[in-house]
Structures are given as C-alpha cells and as structure tokens.
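Dumped structure-v2.pdb below, it's PDB, C-alpha atoms, pLDDT in the B column:
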ATOM      1  CA  MET A1295      19.231  63.560-117.858  1.00 40.00           C
ATOM      2  CA  LYS A1296      20.327  62.823-121.410  1.00 45.00           C
ATOM      3  CA  THR A1297      23.782  63.754-122.649  1.00 43.00           C
ATOM      4  CA  LYS A1298      22.160  66.119-125.152  1.00 45.00           C
ATOM      5  CA  GLU A1299      21.039  68.328-122.288  1.00 81.00           C
ATOM      6  CA  LEU A1300      24.347  70.083-121.599  1.00 90.00           C
ATOM      7  CA  ILE A1301      23.223  73.318-123.289  1.00 90.00           C
ATOM      8  CA  PRO A1302      19.984  73.726-121.245  1.00 91.00           C
ATOM      9  CA  LEU A1303      21.987  72.983-118.104  1.00 94.00           C
ATOM     10  CA  LEU A1304      24.496  75.649-119.094  1.00 95.00           C
ATOM     11  CA  SER A1305      21.618  78.074-119.641  1.00 94.00           C
ATOM     12  CA  GLU A1306      20.252  77.379-116.148  1.00 95.00           C
ATOM     13  CA  TYR A1307      23.745  77.869-114.736  1.00 97.00           C
ATOM     14  CA  PHE A1308      24.005  81.362-116.233  1.00 97.00           C
ATOM     15  CA  THR A1309      20.433  82.560-115.756  1.00 96.00           C
ATOM     16  CA  THR A1310      19.641  81.171-112.306  1.00 96.00           C
ATOM     17  CA  TRP A1311      22.565  79.587-110.464  1.00 97.00           C
ATOM     18  CA  LEU A1312      25.236  82.258-110.812  1.00 97.00           C
ATOM     19  CA  PRO A1313      23.081  85.369-110.254  1.00 97.00           C
ATOM     20  CA  ASP A1314      20.431  84.068-107.850  1.00 96.00           C
ATOM     21  CA  VAL A1315      22.105  81.295-105.872  1.00 95.00           C
ATOM     22  CA  LYS A1316      25.755  82.321-105.923  1.00 95.00           C
ATOM     23  CA  GLY A1317      25.139  86.078-106.155  1.00 97.00           C
ATOM     24  CA  PHE A1318      27.834  86.657-108.769  1.00 96.00           C
ATOM     25  CA  SER A1319      28.094  90.110-110.328  1.00 96.00           C
ATOM     26  CA  LYS A1320      27.089  90.788-113.933  1.00 96.00           C
ATOM     27  CA  ASN A1321      30.750  91.273-114.818  1.00 97.00           C
ATOM     28  CA  THR A1322      31.714  87.873-113.415  1.00 96.00           C
ATOM     29  CA  ILE A1323      28.827  86.201-115.210  1.00 97.00           C
ATOM     30  CA  THR A1324      29.837  87.906-118.450  1.00 97.00           C
ATOM     31  CA  ALA A1325      33.433  86.714-118.007  1.00 97.00           C
ATOM     32  CA  TYR A1326      32.237  83.150-117.356  1.00 97.00           C
ATOM     33  CA  GLN A1327      29.961  83.304-120.415  1.00 98.00           C
ATOM     34  CA  TYR A1328      32.888  84.460-122.516  1.00 98.00           C
ATOM     35  CA  ALA A1329      34.935  81.487-121.299  1.00 97.00           C
ATOM     36  CA  PHE A1330      32.265  79.176-122.700  1.00 97.00           C
ATOM     37  CA  GLN A1331      31.917  81.215-125.875  1.00 97.00           C
ATOM     38  CA  LEU A1332      35.633  80.682-126.441  1.00 98.00           C
ATOM     39  CA  LEU A1333      35.312  76.991-125.576  1.00 98.00           C
ATOM     40  CA  PHE A1334      32.614  76.614-128.238  1.00 97.00           C
ATOM     41  CA  GLU A1335      34.776  78.572-130.685  1.00 97.00           C
ATOM     42  CA  PHE A1336      37.670  76.194-129.964  1.00 98.00           C
ATOM     43  CA  LEU A1337      35.469  73.137-130.403  1.00 97.00           C
ATOM     44  CA  HIS A1338      34.176  74.423-133.728  1.00 97.00           C
ATOM     45  CA  GLU A1339      37.494  75.683-135.075  1.00 97.00           C
ATOM     46  CA  VAL A1340      39.783  72.880-133.899  1.00 97.00           C
ATOM     47  CA  LYS A1341      37.488  69.875-133.440  1.00 96.00           C
ATOM     48  CA  GLY A1342      34.775  70.665-136.010  1.00 96.00           C
ATOM     49  CA  ILE A1343      32.001  70.357-133.399  1.00 95.00           C
ATOM     50  CA  THR A1344      29.136  72.843-133.400  1.00 93.00           C
ATOM     51  CA  PHE A1345      27.794  74.064-130.064  1.00 88.00           C
ATOM     52  CA  GLU A1346      24.485  72.226-130.330  1.00 87.00           C
ATOM     53  CA  LYS A1347      26.342  68.912-130.570  1.00 91.00           C
ATOM     54  CA  VAL A1348      28.480  69.447-127.461  1.00 92.00           C
ATOM     55  CA  THR A1349      27.914  66.874-124.719  1.00 91.00           C
ATOM     56  CA  PHE A1350      29.703  66.066-121.499  1.00 92.00           C
ATOM     57  CA  SER A1351      31.349  63.072-123.177  1.00 91.00           C
ATOM     58  CA  ILE A1352      32.829  65.300-125.896  1.00 92.00           C
ATOM     59  CA  LEU A1353      34.508  67.387-123.191  1.00 92.00           C
ATOM     60  CA  LEU A1354      36.433  64.370-121.875  1.00 90.00           C
ATOM     61  CA  ASN A1355      39.828  62.989-122.908  1.00 87.00           C
ATOM     62  CA  GLY A1356      41.865  66.121-122.552  1.00 91.00           C
ATOM     63  CA  VAL A1357      39.621  68.500-124.490  1.00 94.00           C
ATOM     64  CA  ILE A1358      39.612  71.088-121.687  1.00 94.00           C
ATOM     65  CA  THR A1359      43.401  70.875-121.393  1.00 93.00           C
ATOM     66  CA  GLU A1360      43.652  71.360-125.178  1.00 95.00           C
ATOM     67  CA  TYR A1361      41.294  74.338-124.915  1.00 96.00           C
ATOM     68  CA  LEU A1362      43.427  75.944-122.211  1.00 95.00           C
ATOM     69  CA  ALA A1363      46.562  75.430-124.323  1.00 94.00           C
ATOM     70  CA  TRP A1364      44.730  76.874-127.338  1.00 97.00           C
ATOM     71  CA  LEU A1365      43.909  79.987-125.295  1.00 96.00           C
ATOM     72  CA  GLU A1366      47.596  80.501-124.587  1.00 94.00           C
ATOM     73  CA  LEU A1367      48.976  79.647-128.015  1.00 95.00           C
ATOM     74  CA  LYS A1368      46.321  80.820-130.453  1.00 95.00           C
ATOM     75  CA  ARG A1369      44.721  83.646-128.511  1.00 96.00           C
ATOM     76  CA  LYS A1370      47.898  84.684-126.621  1.00 95.00           C
ATOM     77  CA  CYS A1371      46.173  84.667-123.227  1.00 94.00           C
ATOM     78  CA  GLY A1372      48.330  84.928-120.153  1.00 92.00           C
ATOM     79  CA  ALA A1373      48.209  82.659-117.123  1.00 91.00           C
ATOM     80  CA  VAL A1374      45.717  84.832-115.230  1.00 92.00           C
ATOM     81  CA  THR A1375      43.227  84.849-118.119  1.00 94.00           C
ATOM     82  CA  ARG A1376      43.728  81.135-118.735  1.00 94.00           C
ATOM     83  CA  ASN A1377      43.069  80.415-115.057  1.00 93.00           C
ATOM     84  CA  LEU A1378      39.907  82.554-115.129  1.00 94.00           C
ATOM     85  CA  ARG A1379      38.586  80.532-118.102  1.00 96.00           C
ATOM     86  CA  ARG A1380      39.447  77.326-116.238  1.00 94.00           C
ATOM     87  CA  SER A1381      37.648  78.574-113.123  1.00 94.00           C
ATOM     88  CA  ALA A1382      34.477  79.178-115.137  1.00 96.00           C
ATOM     89  CA  ILE A1383      34.553  75.590-116.399  1.00 96.00           C
ATOM     90  CA  VAL A1384      35.285  74.145-112.956  1.00 94.00           C
ATOM     91  CA  SER A1385      32.450  76.179-111.451  1.00 95.00           C
ATOM     92  CA  PHE A1386      30.051  74.868-114.098  1.00 96.00           C
ATOM     93  CA  ALA A1387      31.263  71.310-113.526  1.00 94.00           C
ATOM     94  CA  LYS A1388      30.482  71.609-109.804  1.00 94.00           C
ATOM     95  CA  PHE A1389      27.001  72.870-110.656  1.00 96.00           C
ATOM     96  CA  ALA A1390      26.460  70.158-113.269  1.00 94.00           C
ATOM     97  CA  VAL A1391      27.423  67.346-110.921  1.00 93.00           C
ATOM     98  CA  LYS A1392      24.734  68.575-108.505  1.00 93.00           C
ATOM     99  CA  LYS A1393      22.074  68.773-111.224  1.00 92.00           C
ATOM    100  CA  ALA A1394      22.996  65.831-113.468  1.00 90.00           C
ATOM    101  CA  PHE A1395      25.289  63.632-111.434  1.00 91.00           C
ATOM    102  CA  LYS A1396      25.351  60.587-113.679  1.00 89.00           C
ATOM    103  CA  GLU A1397      25.939  62.528-116.898  1.00 88.00           C
ATOM    104  CA  SER A1398      28.505  65.001-115.621  1.00 90.00           C
ATOM    105  CA  LEU A1399      30.558  62.997-113.113  1.00 90.00           C
ATOM    106  CA  ALA A1400      33.179  61.820-115.622  1.00 90.00           C
ATOM    107  CA  PHE A1401      33.517  65.386-116.965  1.00 90.00           C
ATOM    108  CA  PHE A1402      33.938  66.733-113.424  1.00 90.00           C
ATOM    109  CA  ARG A1403      36.555  64.119-112.508  1.00 89.00           C
ATOM    110  CA  LYS A1404      38.641  64.667-115.676  1.00 86.00           C
ATOM    111  CA  LEU A1405      39.049  68.419-115.308  1.00 83.00           C
ATOM    112  CA  PRO A1406      42.590  69.764-115.136  1.00 74.00           C
ATOM    113  CA  VAL A1407      43.227  70.408-111.457  1.00 62.00           C
ATOM    114  CA  PHE A1408      46.260  72.623-111.767  1.00 67.00           C
ATOM    115  CA  LEU A1409      46.424  76.381-112.063  1.00 71.00           C
ATOM    116  CA  LYS A1410      49.123  77.832-114.241  1.00 71.00           C
ATOM    117  CA  LYS A1411      51.566  79.996-112.354  1.00 72.00           C
ATOM    118  CA  ARG A1412      52.078  83.514-113.559  1.00 68.00           C
ATOM    119  CA  LEU A1413      55.605  84.461-114.508  1.00 62.00           C
ATOM    120  CA  ARG A1414      56.798  87.418-112.495  1.00 60.00           C
ATOM    121  CA  LYS A1415      58.939  90.033-114.181  1.00 58.00           C
TER     122      LYS A1415
END
What does this structure look like when you write it as structure tokens?
Amino acid sequence: MKTKELIPLLSEYFTTWLPDVKGFSKNTITAYQYAFQLLFEFLHEVKGITFEKVTFSILLNGVITEYLAWLELKRKCGAVTRNLRRSAIVSFAKFAVKKAFKESLAFFRKLPVFLKKRLRK
C-alpha cells in the first residue's frame, strides 16, 4: 500500500469496519468522523496541509499530540472530548495496522498513549 492511500483506508474504516465489523452506532461513527474532520482542519489551519496530501508519515513526530493540544487551547475542548478524539484516532490506527501494516506501523507506534484526566470540581 502506498503512503498516498490513507484517505481510501479511512473511507473503508468508516463505511465498512466501524458499522459492519465493529457494530458501532451511527452516533459513534459520526463522533469519530468529526474527530478526523477536526484533525484535517488542524492540519490545514496550523500546518498548511490539505486533506488530500495527508499521509501516515505526516501524522508522525508529535502531530497528533499537537492536534490534541490544539483541541484544548483553540477549540476549548475539555478532557473528555479530547480523549474521545484521541480514541477515534487510536481506533483507526489499530484498523490501519491490520490493513496496511508496513505503511501504518510507525504511525501506530507513535500515538500518544496517555489519556488526560478530567478535573473534578
């Protein structure tokens, strides 16, 4: 699989894997799609990268960590929302490593492993 094939893989993830294999609800799929919509918005706004140019290699070197920070700082998302967006990316990474092992392995291994704790009032 070529690095340019991230977008078709993402499409398969949303149209087949999540609803048919994993049995996720429409609401969960919509939330996961929104996480990627925001990721592409971040990449365009902050990094100047359009969605059609996104590859697994672009998502390395702390880009996902920067995206999660951007969600908190720019979009004022709380820890729960930030963790949901992270979960969508981790779920996709697990799918991608099954479908395109060679291309996605580095992306999968570089994902932030920590969840942000929610501050209790």
**Request:** Please identify all polymer residues lying at most 10 Å from the point (28.7, 67.1, -127.7) (file coordinates), using all atoms listed in the file, and present the result as number ranges by chain.
**Result:** A: 1297-1301, 1337, 1343-1353
**Message:** Please list as an MDAnalysis selection string every residue within 12 Å of Ala1325 of chain A, counting only C-alpha atoms and excluding residues in the same chain fewer than 4 positions away.
**Reply:** chainID A and resid 1308 1312 1318:1321 1329:1332 1375:1383
**Request:** Could you check how far atom CA of Leu1304 of chain A sits from atom CA of Tyr1328 of chain A, in Å to one decimal?
**Result:** 12.6 Å
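Take the PyMOL selection byres ((chain A and resi 1358-1372) around 7) and apply it to this file: it picks Leu1333, Phe1336, Leu1353, Gly1356, Val1357, Ala1373, Val1374, Thr1375, Arg1376, Leu1405 and Pro1406 of chain A.
With all atoms listed in the file as the atoms that count, the residue of A:Phe1401, A:Phe1389, A:Tyr1326, A:Phe1395 with the shortest distance to Tyr1307 of chain A is A:Phe1389.
Atom CA of Trp1311 of chain A to atom CA of Ala1387 of chain A spans 12.4 Å [interatomic distance, one decimal].
For the pair atom CA of Lys1404 of chain A and atom CA of Asn1355 of chain A, the separation is 7.5 Å.
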